Amino acid sequence: MSDHILLPEGSIEKQTTTLNLGPTHPATHGVFQNILELDGERIMKATSTVGYIHRAFEKIAERRPLYQITPLTDRLNYCSSPINNMGWHLTCEKLLNVSTPKRVDYLRVIIMELARISDHLICNSIVGVDSGAYSGFLYVMQFRELIYEIYEEVCGSRLTTNIGRIGGFERNFTNTAFEKLEKFLDEKTGYPAQLKEFENLFTRNRIFMDRTIGCGPISAERAMNYGFTGPNLRAAGVDYDVRVHSPYSSYQDFDFTIPVGTTGDCYDRFLVRNQEMWQSLSIINQAYKKVQEFKGAEADVFHADVPAYYLPEKKDVYTKMEALIYHFKIVMGETEMPVGEVYNSVEGANGELGYYLISDGGRTPYRLHFRRPCFIYYQAYPELIKDGMLSDAVITMSSLNLIAGELDA
Amino acid sequence: MLTNEIIQQKLTEKFGDALTDWQEPYGMLTFTAPKEMNLKVLQFLFDDTDLKFNFLTDLQAVHYPDNKGAELAVVYHLHNWVDNIRIRFKVFTDINQPDVYSATALYQSANFMERETYDFFGVNFVGHPNLIRILNVDEMDYFPLRKEFPLEDQTRIDKDDEMFGRG
């Protein structure tokens, strides 16, 4: 970039062009506006505008009982809603001092890692699309479909999942869910084979490497200062992962590594995400093995025994007095909430997804704040694309995995 | 091994009685600092070779309308990645003069977070390079997350919602 020829002051060619990239540019995959100052195709300056799909979740949450906030969290990072849902349940459980059985933890880990895979595969294949290789995207898409079928089998919906409840899941995993999971994990015909093929297409592809190496790099120090977390931070060489630093949902029972990069450019981000998908596959395999070890009555455990917070089964509501009372209290939001403030975070697909919940003992949170990783690291975008080409800005944006829903809350 | 007691001791040594209201809700050390001292506390936590709190996890505000003279609380969550320990501290400010020093010089990440806090609570971060609204429309002339703006009453009947299937 430094060998760029500078034109003499005052010449007509010196004038820069202002270009609006977005709000609805197809290459931005979401509602983002960037006002670029261009010198030819080189970006001199970028100004980001965010907030086009702000939906006031924090305000709405102040009137909702805990269980009604779960559908709001779906709509943050909608590529991996189950992680958001689980993060929210874990926050509530921390506030309410609910501990979950091991089987629930393992089932949650399976769902969260599937969500991580579905998020990363979209991000990485979109980087491919933006650099001119469409086929990878179509290849992996069928496995996202399979992941969505598993969600569907567990909770009934696909994109905005509203999966799980405080204390566990709404119902036990069906055999079909496990069959689909096995199909997904199959070494020969499942996702591992597909991911290998995807990597064959991209990782050592000369064109792809030339397009992404050195594109949108950031140093570890700058990344930390900008509040990066997740794969984007790890690509810059810092091995911070919430799953390892503050394990939740029994992540300490699993054996996995944190992949790190060195330069923090698009190529490293791509590699880190691919490696993380392999790690996630390994975690799912381990968790599935552990789930299978539960026999007899233990194999039917899918929620904690917390009648005050967990909705009872419908048939019990009709026949048992206590179940009816609890059902009424939970649905009307009349459950006891302790006074206190709690911060809980999970490793979302984009980084540390935090929930800061203040309860004054009322039926709804006094204040709820979402720490959205996207929102915080998007600040670095103008710095990342400065002095680069316009087409590099597009790849940088997709490789940061910006999700408008998470950015704008 | 860094513990909450050591952190509290170090901070008390440095700042004396200025830091108050020490608590540990759900294991996270929490305290309150006078609002003029927020940057000094942040800088000390950042620079001290034992404390090493050099990651700003989160920054936002809370509105307590009954807390006269100190209605707005700005809450910082900091994280030490080396010893893996988190702390939280708050500064309270009068809602009529909500001036709090900006942390942007120390943390680039505070830029958007402070803009968001300004946008929703009206906290005026002194020294912020570009303190304008971020998520709400620029023309908005109030701060929506303050408690004086209740959400719409769900039981109201004076509205014609026929077009939305609720008539």
# chains A, B, ... in the order shown; residues from 1 in each chain; ligands from 1
$ interface_residues --of "chain B" --to "chain A" --cutoff "6 Å" --atoms "only C-alpha atoms" --output "CSV table (one decimal) with N, CA and C atoms, in the first residue's frame"
chain,number,residue,atom,x,y,z
B,107,TYR,N,-9.5,2.5,25.8
B,107,TYR,CA,-10.1,1.4,25.1
B,107,TYR,C,-10.8,1.9,23.8
B,108,GLN,N,-10.3,1.5,22.7
B,108,GLN,CA,-11.0,1.8,21.4
B,108,GLN,C,-12.4,1.2,21.5
B,109,SER,N,-12.6,0.1,22.1
B,109,SER,CA,-13.9,-0.6,22.1
B,109,SER,C,-14.9,0.2,22.9
B,135,LEU,N,-27.9,3.8,17.5
B,135,LEU,CA,-28.9,2.8,17.0
B,135,LEU,C,-30.2,3.5,16.7
$ select_by_dssp --residues "region 256-371 of chain A" --states "helix (DSSP H, G or I)" --output "ChimeraX atom specification"
/A:266-293,296-300,314-319,321-331
$ atom_distance --atom1 "CA of Lys386 (chain A)" --atom2 "CA of Arg42 (chain A)"
8.1 Å
$ residues_around --residues "Glu5 (chain B)" --least-positions-apart "4" --cutoff "9 Å" --atoms "only C-alpha atoms" --output "list in words"
Gln9, Lys10 and Leu29 of chain B
$ write_last_selection --atoms "N, CA and C atoms" --output "PDB file, in the first residue's frame"
ATOM      1  N   GLN B   9      -7.957  -5.145  48.273  1.00  0.00           N
ATOM      2  CA  GLN B   9      -6.881  -4.603  49.098  1.00  0.00           C
ATOM      3  C   GLN B   9      -6.036  -3.615  48.300  1.00  0.00           C
ATOM      4  N   LYS B  10      -5.679  -4.013  47.067  1.00  0.00           N
ATOM      5  CA  LYS B  10      -4.844  -3.158  46.223  1.00  0.00           C
ATOM      6  C   LYS B  10      -5.547  -1.843  45.901  1.00  0.00           C
ATOM      7  N   LEU B  29     -16.585  -9.394  41.936  1.00  0.00           N
ATOM      8  CA  LEU B  29     -16.302  -8.245  42.792  1.00  0.00           C
ATOM      9  C   LEU B  29     -16.911  -6.980  42.175  1.00  0.00           C
TER      10      LEU B  29
END
$ residues_around --residues "Thr24 (chain A)" --least-positions-apart "2" --cutoff "12 Å" --atoms "only C-alpha atoms" --output "NGL selection string"
:A and (20-22 or 26-34 or 52-53 or 404)
$ write_last_selection --atoms "C-alpha atoms" --output "mmCIF file, in the first residue's frame"
data_model
loop_
_atom_site.group_PDB
_atom_site.id
_atom_site.type_symbol
_atom_site.label_atom_id
_atom_site.label_comp_id
_atom_site.auth_asym_id
_atom_site.auth_seq_id
_atom_site.Cartn_x
_atom_site.Cartn_y
_atom_site.Cartn_z
ATOM 1 C CA ASN A 20 -22.271 4.597 -0.342
ATOM 2 C CA LEU A 21 -21.686 0.912 0.253
ATOM 3 C CA GLY A 22 -25.067 -0.061 1.620
ATOM 4 C CA PRO A 26 -26.190 -7.134 -1.905
ATOM 5 C CA ALA A 27 -22.524 -7.641 -1.096
ATOM 6 C CA THR A 28 -22.945 -6.614 2.518
ATOM 7 C CA HIS A 29 -25.336 -9.483 3.421
ATOM 8 C CA GLY A 30 -27.296 -7.329 5.801
ATOM 9 C CA VAL A 31 -28.264 -3.779 6.490
ATOM 10 C CA PHE A 32 -24.958 -1.976 6.846
ATOM 11 C CA GLN A 33 -24.059 1.410 5.506
ATOM 12 C CA ASN A 34 -20.498 2.448 4.907
ATOM 13 C CA TYR A 52 -31.105 0.165 10.692
ATOM 14 C CA ILE A 53 -32.798 -2.840 12.261
ATOM 15 C CA ALA A 404 -27.060 -7.263 11.470
#
$ residues_around --residues "Ser131 (chain A)" --least-positions-apart "4" --cutoff "9 Å" --atoms "only C-alpha atoms" --output "compact mmCIF listing (two decimals) with N, CA and C atoms, in the first residue's frame"
# COMPACT_ATOMS: atom_id res chain seq x y z
N ILE A 126 -19.58 -17.96 2.61
CA ILE A 126 -19.89 -16.64 2.07
C ILE A 126 -18.60 -15.90 1.71
N VAL A 127 -17.55 -16.12 2.48
CA VAL A 127 -16.26 -15.55 2.08
C VAL A 127 -15.88 -16.08 0.71
N ILE A 207 -6.05 -18.89 -6.05
CA ILE A 207 -6.84 -17.66 -6.26
C ILE A 207 -7.39 -17.18 -4.91
N PHE A 208 -7.93 -18.14 -4.16
CA PHE A 208 -8.51 -17.78 -2.87
C PHE A 208 -7.44 -17.22 -1.93
N ARG A 211 -6.47 -13.76 -2.81
CA ARG A 211 -7.52 -12.79 -2.48
C ARG A 211 -7.59 -12.47 -1.00
N THR A 212 -7.25 -13.45 -0.15
CA THR A 212 -7.53 -13.26 1.28
C THR A 212 -6.29 -13.03 2.14
N SER A 391 -12.91 -4.07 -3.27
CA SER A 391 -13.34 -5.47 -3.26
C SER A 391 -12.84 -6.20 -2.02
N ASP A 392 -11.72 -5.74 -1.46
CA ASP A 392 -11.24 -6.34 -0.21
C ASP A 392 -12.15 -6.00 0.96
N VAL A 394 -15.29 -5.81 0.90
CA VAL A 394 -16.43 -6.72 0.89
C VAL A 394 -16.04 -8.06 1.53
N ILE A 395 -14.87 -8.57 1.18
CA ILE A 395 -14.44 -9.84 1.77
C ILE A 395 -14.21 -9.68 3.26
$ closest_residue --among "A:Asp241, A:Pro307, A:Lys329, A:Leu271" --to "Met209 (chain A)" --atoms "only C-alpha atoms"
A:Leu271
$ atom_distance --atom1 "CA of Glu116 (chain B)" --atom2 "CA of Thr18 (chain A)"
26.6 Å
$ atom_distance --atom1 "CA of Ile35 (chain A)" --atom2 "CA of Leu56 (chain B)"
27.8 Å
$ residues_around --residues "Phe198 (chain A)" --least-positions-apart "4" --cutoff "10 Å" --atoms "only C-alpha atoms" --output "count of residues only"
14
$ closest_residue --among "B:Met37, B:Val123, B:Leu42, B:Ile157" --to "Ala73 (chain B)" --atoms "only C-alpha atoms"
B:Val123
